[in-house]
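Notes to accompany the following structure.
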Amino acid sequence: MPVAILTDIHANLPALDAVLAAIDEAGLERRWCLGDVVGYGAQPDECAKLVSERCELSLVGNHDLAVTGEISTEVFSASAGAAVEWTRQNSDQSTIDFLKSLKAENTDHEVGLYHASPRDPVWEYVLAIDQARECMDAQSARVSLIGHSHVALWFSDGPGLPGSDGGGQAEDGRELDISEHRWLLNPGSVGQPRDGDPRAAWLELDTDAWKATYHRVEYDIDRAAEAIREANLPELLADRLYVGQ
Ligand code: ZN
């Protein structure tokens, strides 16, 4: 069944709108969100409402949990901590209630869903191949989906792609045959990409054909950056959107 995977929206409404439109255009009717709906960006209520209405399921991420007070912001960077504080003060109770209702993992489906990693669904950044192999040992399903690093990535314990070492970054349009071996896939971030491509990221997953396709979509970065500046959130959070870092 085809499903659109989106993650790390981070209260960036223009990016979320663009991704949802692209998913509609692709004719996909199911959407799963891997968490971090809020934090960094200036439109948490709008994003939480859209995710709750349009996504069949959503996980909770570390920024969401910091906003609801379930985890501390001690290890957050200064700008991330400031954004958590701003989000706490500027979110509707309905947003907080929605985030509080979510879990950081979901293993009820034929693919495993985790915000960060199969062995640490809240915190672990999976960026290296050896580390990804250990994570694949910890996953219950053959294929798992993760977010958190904001980098569009794939890892496999099979041959993977020609010339690769079992993992790598996934560019716009990259298709993977995931019908054999174990896989760990990260769509990249909707609202704050950090892989050098500032476009919003999402992943098309087909669990009948066992195919995964990475997508990037342009969005109105000026609008998202302006909202961040108007909210008096740290300037850096607006600037980084333009470079995708
Ligand atoms: Zn995130």
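Residue numbering restarts at 1 in every chain; chains get A, B, ... in the order shown in the structure tokens, and ligands count up from 1 in that same order.
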
Taking only C-alpha atoms and all ligand atoms into account, which residues have an atom no farther than 7 Å from ligand 1? I'd like them as a PyMOL selection string.
chain A and resi 8+10+36+61+63+148-150

Set the distance at 6 Å and use only C-alpha atoms: which residues neighbour stretch 202-207 of chain A once local chain neighbours fewer than 3 positions away are removed? I'd like the list as JSON, numbers by chain.
{"A": [1, 2, 3, 4, 5, 6, 187, 210, 211, 212, 213, 214, 215]}

Of the candidates A:Tyr114, A:Phe98, A:Tyr40, A:Trp86, which one gets nearest to A:Thr7 if we count only C-alpha atoms?
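Among the listed residues, the smallest separation from A:Thr7 belongs to A:Tyr114.
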
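Assigned to strand (DSSP E or B) in stretch 13-136 of chain A, given DSSP computed from backbone atoms, are Arg31, Trp32, Cys33, Leu57, Ser58, Glu105, Asn106, Gly112, Leu113 and Tyr114 of chain A.
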
Please produce a file of those selected residues containing N, CA and C atoms, as a PDB file, in the first residue's frame.
```
ATOM      1  N   ARG A  31      -0.905   9.150   4.885  1.00  0.00           N
ATOM      2  CA  ARG A  31       0.248   9.935   5.317  1.00  0.00           C
ATOM      3  C   ARG A  31       0.621   9.543   6.746  1.00  0.00           C
ATOM      4  N   TRP A  32       1.887   9.277   6.974  1.00  0.00           N
ATOM      5  CA  TRP A  32       2.390   8.987   8.315  1.00  0.00           C
ATOM      6  C   TRP A  32       3.457  10.022   8.656  1.00  0.00           C
ATOM      7  N   CYS A  33       3.396  10.549   9.882  1.00  0.00           N
ATOM      8  CA  CYS A  33       4.357  11.563  10.329  1.00  0.00           C
ATOM      9  C   CYS A  33       5.228  10.988  11.443  1.00  0.00           C
ATOM     10  N   LEU A  57      -1.347   8.556  11.159  1.00  0.00           N
ATOM     11  CA  LEU A  57      -0.687   8.393  12.448  1.00  0.00           C
ATOM     12  C   LEU A  57       0.450   9.391  12.545  1.00  0.00           C
ATOM     13  N   SER A  58       0.790   9.740  13.766  1.00  0.00           N
ATOM     14  CA  SER A  58       1.936  10.607  13.988  1.00  0.00           C
ATOM     15  C   SER A  58       2.681  10.152  15.223  1.00  0.00           C
ATOM     16  N   GLU A 105       7.401   5.850  18.953  1.00  0.00           N
ATOM     17  CA  GLU A 105       7.557   4.713  18.049  1.00  0.00           C
ATOM     18  C   GLU A 105       6.215   4.051  17.807  1.00  0.00           C
ATOM     19  N   ASN A 106       6.128   3.345  16.676  1.00  0.00           N
ATOM     20  CA  ASN A 106       4.923   2.583  16.363  1.00  0.00           C
ATOM     21  C   ASN A 106       5.361   1.343  15.593  1.00  0.00           C
ATOM     22  N   GLY A 112       8.599  -0.661  10.665  1.00  0.00           N
ATOM     23  CA  GLY A 112       8.764  -0.051  11.989  1.00  0.00           C
ATOM     24  C   GLY A 112       8.879   1.460  11.853  1.00  0.00           C
ATOM     25  N   LEU A 113       8.248   2.180  12.742  1.00  0.00           N
ATOM     26  CA  LEU A 113       8.274   3.641  12.697  1.00  0.00           C
ATOM     27  C   LEU A 113       8.854   4.177  13.999  1.00  0.00           C
ATOM     28  N   TYR A 114       9.897   5.004  13.882  1.00  0.00           N
ATOM     29  CA  TYR A 114      10.569   5.553  15.058  1.00  0.00           C
ATOM     30  C   TYR A 114      10.918   7.006  14.773  1.00  0.00           C
TER      31      TYR A 114
END
```

Give the alpha helix (DSSP H) residues of stretch 22-97 of chain A, as DSSP finds them on the backbone, and put them as a ChimeraX atom specification.
/A:22-25,44-54,62-67,78-90,93-97

For A:Val37: contacts at 7 Å, only C-alpha atoms, fewer than 2 positions along chain excluded, given as an MDAnalysis selection string:
chainID A and resid 8:11 35 47:48 64

Those same residues, written as a compact mmCIF listing (two decimals), in the first residue's frame with all heavy atoms?
```txt
# COMPACT_ATOMS: atom_id res chain seq x y z
N ASP A 8 9.81 15.73 10.91
CA ASP A 8 10.54 16.95 11.28
C ASP A 8 10.00 18.18 10.54
O ASP A 8 10.72 18.84 9.80
CB ASP A 8 12.05 16.74 11.07
CG ASP A 8 12.57 15.64 11.98
OD1 ASP A 8 12.78 15.90 13.17
OD2 ASP A 8 12.69 14.48 11.52
N ILE A 9 8.76 18.45 10.83
CA ILE A 9 8.05 19.58 10.21
C ILE A 9 8.47 20.90 10.87
O ILE A 9 8.63 21.92 10.22
CB ILE A 9 6.54 19.34 10.33
CG1 ILE A 9 6.14 18.12 9.49
CG2 ILE A 9 5.74 20.57 9.92
CD1 ILE A 9 4.89 17.44 9.94
N HIS A 10 8.63 20.83 12.20
CA HIS A 10 9.17 21.96 12.95
C HIS A 10 8.44 23.28 12.71
O HIS A 10 9.08 24.32 12.50
CB HIS A 10 10.69 22.09 12.71
CG HIS A 10 11.46 21.03 13.42
ND1 HIS A 10 11.53 20.95 14.80
CD2 HIS A 10 12.17 19.97 12.96
CE1 HIS A 10 12.25 19.91 15.15
NE2 HIS A 10 12.64 19.28 14.06
N ALA A 11 7.11 23.20 12.76
CA ALA A 11 6.28 24.42 12.74
C ALA A 11 6.53 25.30 11.52
O ALA A 11 6.34 26.51 11.58
CB ALA A 11 6.46 25.21 14.05
N GLY A 35 7.20 12.67 13.57
CA GLY A 35 7.40 13.51 14.75
C GLY A 35 8.22 14.76 14.55
O GLY A 35 8.72 15.03 13.45
N CYS A 47 0.49 23.79 12.13
CA CYS A 47 1.10 22.52 11.73
C CYS A 47 0.52 21.34 12.51
O CYS A 47 0.25 20.29 11.94
CB CYS A 47 2.62 22.58 11.90
SG CYS A 47 3.40 23.69 10.69
N ALA A 48 0.32 21.52 13.82
CA ALA A 48 -0.24 20.43 14.62
C ALA A 48 -1.65 20.09 14.14
O ALA A 48 -2.01 18.91 14.06
CB ALA A 48 -0.25 20.83 16.10
N ASP A 64 8.95 18.05 20.36
CA ASP A 64 7.56 18.00 20.83
C ASP A 64 7.52 17.67 22.33
O ASP A 64 6.78 18.28 23.10
CB ASP A 64 6.77 16.91 20.08
CG ASP A 64 6.80 17.09 18.57
OD1 ASP A 64 6.73 18.24 18.10
OD2 ASP A 64 6.88 16.07 17.86
```

Which residues, written as a PyMOL selection string, have at least one atom at most 8 Å from A:Leu153, with only C-alpha atoms counted and residues fewer than 5 positions away on the same chain left out?
chain A and resi 127+167-170+185-188

Could you save those same residues with N, CA, C and O atoms as a PDB file, in the first residue's frame?
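Just written: selection.pdb:
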```pdb
ATOM      1  N   LEU A 127      23.499   8.380  11.583  1.00  0.00           N
ATOM      2  CA  LEU A 127      24.159   9.024  10.448  1.00  0.00           C
ATOM      3  C   LEU A 127      25.228   8.145   9.814  1.00  0.00           C
ATOM      4  O   LEU A 127      25.616   8.369   8.674  1.00  0.00           O
ATOM      5  N   GLY A 167      25.042   2.455   2.574  1.00  0.00           N
ATOM      6  CA  GLY A 167      24.261   3.596   3.049  1.00  0.00           C
ATOM      7  C   GLY A 167      24.686   4.858   2.352  1.00  0.00           C
ATOM      8  O   GLY A 167      25.740   4.897   1.717  1.00  0.00           O
ATOM      9  N   GLY A 168      23.862   5.877   2.454  1.00  0.00           N
ATOM     10  CA  GLY A 168      24.235   7.148   1.854  1.00  0.00           C
ATOM     11  C   GLY A 168      23.085   8.121   1.834  1.00  0.00           C
ATOM     12  O   GLY A 168      21.970   7.793   2.246  1.00  0.00           O
ATOM     13  N   GLN A 169      23.375   9.333   1.364  1.00  0.00           N
ATOM     14  CA  GLN A 169      22.332  10.344   1.237  1.00  0.00           C
ATOM     15  C   GLN A 169      21.476  10.033   0.016  1.00  0.00           C
ATOM     16  O   GLN A 169      21.947   9.458  -0.958  1.00  0.00           O
ATOM     17  N   ALA A 170      20.214  10.428   0.106  1.00  0.00           N
ATOM     18  CA  ALA A 170      19.276  10.154  -0.974  1.00  0.00           C
ATOM     19  C   ALA A 170      18.802  11.471  -1.572  1.00  0.00           C
ATOM     20  O   ALA A 170      18.224  12.297  -0.876  1.00  0.00           O
ATOM     21  N   LEU A 185      15.397   3.817   6.625  1.00  0.00           N
ATOM     22  CA  LEU A 185      15.239   4.947   5.708  1.00  0.00           C
ATOM     23  C   LEU A 185      14.826   6.205   6.454  1.00  0.00           C
ATOM     24  O   LEU A 185      13.954   6.161   7.325  1.00  0.00           O
ATOM     25  N   ASN A 186      15.445   7.323   6.086  1.00  0.00           N
ATOM     26  CA  ASN A 186      15.070   8.628   6.641  1.00  0.00           C
ATOM     27  C   ASN A 186      14.651   9.530   5.472  1.00  0.00           C
ATOM     28  O   ASN A 186      15.461   9.784   4.576  1.00  0.00           O
ATOM     29  N   PRO A 187      13.404  10.011   5.474  1.00  0.00           N
ATOM     30  CA  PRO A 187      12.937  10.838   4.359  1.00  0.00           C
ATOM     31  C   PRO A 187      13.669  12.162   4.234  1.00  0.00           C
ATOM     32  O   PRO A 187      13.656  12.786   3.174  1.00  0.00           O
ATOM     33  N   GLY A 188      14.303  12.639   5.330  1.00  0.00           N
ATOM     34  CA  GLY A 188      14.772  14.030   5.389  1.00  0.00           C
ATOM     35  C   GLY A 188      13.657  14.865   6.000  1.00  0.00           C
ATOM     36  O   GLY A 188      12.561  14.375   6.240  1.00  0.00           O
TER      37      GLY A 188
END
```

At a cut-off of 12 Å, using only C-alpha atoms, what residues contact stretch 82-84 of chain A? Leave out same-chain residues fewer than 2 positions from it and give the result as JSON, numbers by chain.
{"A": [10, 11, 36, 37, 38, 39, 40, 41, 42, 43, 44, 62, 63, 64, 65, 66, 67, 68, 69, 71, 72, 73, 74, 76, 77, 78, 79, 80, 86, 87, 88, 89, 90, 91, 228, 229, 231, 232, 233, 234, 235, 236, 237, 238]}

Need to verify the contact set: A:Arg216, 12 Å, only C-alpha atoms, exclusion of same-chain residues closer than 6 positions in sequence. Can you return it as a CSV table (one decimal) with N, CA and C atoms, in the first residue's frame?
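The file below, result05.csv, is the result:
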```
chain,number,residue,atom,x,y,z
A,6,LEU,N,6.3,11.7,6.2
A,6,LEU,CA,6.9,13.0,6.5
A,6,LEU,C,7.4,13.1,7.9
A,15,ALA,N,6.3,25.0,4.3
A,15,ALA,CA,6.9,23.7,3.9
A,15,ALA,C,5.9,22.6,4.0
A,16,LEU,N,5.2,22.5,5.1
A,16,LEU,CA,4.2,21.5,5.2
A,16,LEU,C,3.1,21.5,4.2
A,18,ALA,N,3.4,22.7,1.2
A,18,ALA,CA,3.9,22.3,-0.1
A,18,ALA,C,4.1,20.8,-0.2
A,19,VAL,N,4.5,20.2,0.9
A,19,VAL,CA,4.6,18.7,0.9
A,19,VAL,C,3.2,18.1,0.8
A,20,LEU,N,2.3,18.6,1.5
A,20,LEU,CA,0.9,18.0,1.5
A,20,LEU,C,0.4,18.1,0.1
A,22,ALA,N,2.1,18.2,-2.7
A,22,ALA,CA,2.9,17.3,-3.6
A,22,ALA,C,2.4,15.8,-3.4
A,23,ILE,N,2.0,15.5,-2.1
A,23,ILE,CA,1.5,14.2,-1.8
A,23,ILE,C,0.2,14.0,-2.5
A,151,VAL,N,18.4,14.6,7.6
A,151,VAL,CA,19.2,14.3,6.5
A,151,VAL,C,18.4,13.1,5.8
A,152,ALA,N,18.2,13.3,4.4
A,152,ALA,CA,17.6,12.2,3.7
A,152,ALA,C,18.6,11.1,3.5
A,170,ALA,N,20.2,10.4,0.1
A,170,ALA,CA,19.3,10.2,-1.0
A,170,ALA,C,18.8,11.5,-1.6
A,171,GLU,N,19.1,11.7,-2.9
A,171,GLU,CA,18.7,12.9,-3.5
A,171,GLU,C,17.3,12.8,-4.1
A,172,ASP,N,16.8,14.0,-4.5
A,172,ASP,CA,15.4,14.0,-5.0
A,172,ASP,C,15.3,13.0,-6.2
A,173,GLY,N,14.2,12.2,-6.1
A,173,GLY,CA,13.9,11.3,-7.2
A,173,GLY,C,14.6,9.9,-7.0
A,174,ARG,N,15.5,9.8,-6.0
A,174,ARG,CA,16.1,8.5,-5.8
A,174,ARG,C,15.1,7.4,-5.5
A,187,PRO,N,13.4,10.0,5.5
A,187,PRO,CA,12.9,10.8,4.4
A,187,PRO,C,13.7,12.2,4.2
A,188,GLY,N,14.3,12.6,5.3
A,188,GLY,CA,14.8,14.0,5.4
A,188,GLY,C,13.7,14.9,6.0
A,189,SER,N,14.0,16.1,6.3
A,189,SER,CA,13.0,17.0,7.0
A,189,SER,C,12.1,17.8,6.1
A,190,VAL,N,10.9,17.9,6.5
A,190,VAL,CA,9.9,18.8,5.9
A,190,VAL,C,10.3,20.3,6.1
A,191,GLY,N,10.5,20.6,7.4
A,191,GLY,CA,10.6,22.0,7.7
A,191,GLY,C,11.9,22.6,8.1
A,193,PRO,N,15.5,21.1,6.6
A,193,PRO,CA,16.5,20.2,6.0
A,193,PRO,C,17.9,20.6,6.4
A,195,ASP,N,20.6,18.8,4.9
A,195,ASP,CA,21.5,18.0,4.1
A,195,ASP,C,22.0,18.8,2.9
A,196,GLY,N,21.9,20.2,3.0
A,196,GLY,CA,22.4,21.0,2.0
A,196,GLY,C,21.4,21.3,0.9
A,197,ASP,N,20.2,20.6,0.9
A,197,ASP,CA,19.2,20.9,-0.1
A,197,ASP,C,18.0,21.6,0.7
A,198,PRO,N,17.8,22.9,0.5
A,198,PRO,CA,16.8,23.6,1.3
A,198,PRO,C,15.4,23.2,1.0
A,199,ARG,N,15.1,22.4,0.0
A,199,ARG,CA,13.8,22.1,-0.4
A,199,ARG,C,13.2,21.1,0.7
A,200,ALA,N,11.9,21.2,0.9
A,200,ALA,CA,11.2,20.3,1.8
A,200,ALA,C,11.2,18.8,1.3
A,201,ALA,N,11.4,17.9,2.3
A,201,ALA,CA,11.6,16.5,1.9
A,201,ALA,C,10.4,15.6,2.4
A,202,TRP,N,10.2,14.6,1.6
A,202,TRP,CA,9.2,13.5,2.0
A,202,TRP,C,9.5,12.3,1.2
A,203,LEU,N,9.0,11.2,1.7
A,203,LEU,CA,9.3,9.9,1.1
A,203,LEU,C,8.0,9.1,0.7
A,204,GLU,N,8.1,8.5,-0.5
A,204,GLU,CA,6.9,7.7,-0.9
A,204,GLU,C,7.3,6.3,-0.7
A,244,GLY,N,19.6,25.1,3.9
A,244,GLY,CA,19.3,23.7,4.2
A,244,GLY,C,20.4,23.1,5.2
```

Could you tell me which of A:Val111, A:Ala225, A:Leu59, A:Ile96 comes closest to A:Arg142 if we count only C-alpha atoms?
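Selected residue with least distance to A:Arg142: A:Val111.
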
Using 10 Å as the limit and counting only C-alpha atoms, can you tabulate each residue of stretch 181-200 of chain A that touches stretch 135-139 of chain A, with its shortest atom-to-atom distance in Å and the two atoms involved, as a Markdown table?
```
| residue | atom | partner | partner_atom | distance |
| --- | --- | --- | --- | --- |
| A:Arg182 | CA | A:Met136 | CA | 6.9 |
| A:Trp183 | CA | A:Met136 | CA | 7.1 |
| A:Leu184 | CA | A:Met136 | CA | 6.8 |
```

Output all heavy atoms of each residue in that selection to a file, as a compact mmCIF listing (two decimals), in the first residue's frame.
```txt
# COMPACT_ATOMS: atom_id res chain seq x y z
N ARG A 182 17.51 -5.91 4.90
CA ARG A 182 16.94 -4.97 5.88
C ARG A 182 17.29 -3.54 5.48
O ARG A 182 18.36 -3.29 4.92
CB ARG A 182 17.49 -5.28 7.28
CG ARG A 182 16.94 -6.60 7.82
CD ARG A 182 17.36 -6.84 9.24
NE ARG A 182 18.83 -6.90 9.37
CZ ARG A 182 19.45 -7.12 10.51
NH1 ARG A 182 18.76 -7.27 11.63
NH2 ARG A 182 20.76 -7.19 10.57
N TRP A 183 16.39 -2.63 5.82
CA TRP A 183 16.57 -1.23 5.44
C TRP A 183 16.18 -0.31 6.58
O TRP A 183 15.26 -0.61 7.36
CB TRP A 183 15.70 -0.89 4.22
CG TRP A 183 16.10 -1.60 2.97
CD1 TRP A 183 15.76 -2.88 2.62
CD2 TRP A 183 16.93 -1.09 1.91
NE1 TRP A 183 16.33 -3.20 1.40
CE2 TRP A 183 17.04 -2.11 0.94
CE3 TRP A 183 17.58 0.12 1.69
CZ2 TRP A 183 17.78 -1.95 -0.22
CZ3 TRP A 183 18.31 0.27 0.53
CH2 TRP A 183 18.41 -0.75 -0.41
N LEU A 184 16.86 0.81 6.61
CA LEU A 184 16.56 1.89 7.55
C LEU A 184 16.55 3.17 6.70
O LEU A 184 17.56 3.53 6.10
CB LEU A 184 17.67 1.94 8.60
CG LEU A 184 17.49 2.79 9.86
CD1 LEU A 184 16.25 2.38 10.63
CD2 LEU A 184 18.73 2.61 10.76
```

Which of these residues is nearest to A:Glu110, using only C-alpha atoms: A:Glu53, A:Ser144, A:Val75, A:Leu161?
A:Ser144
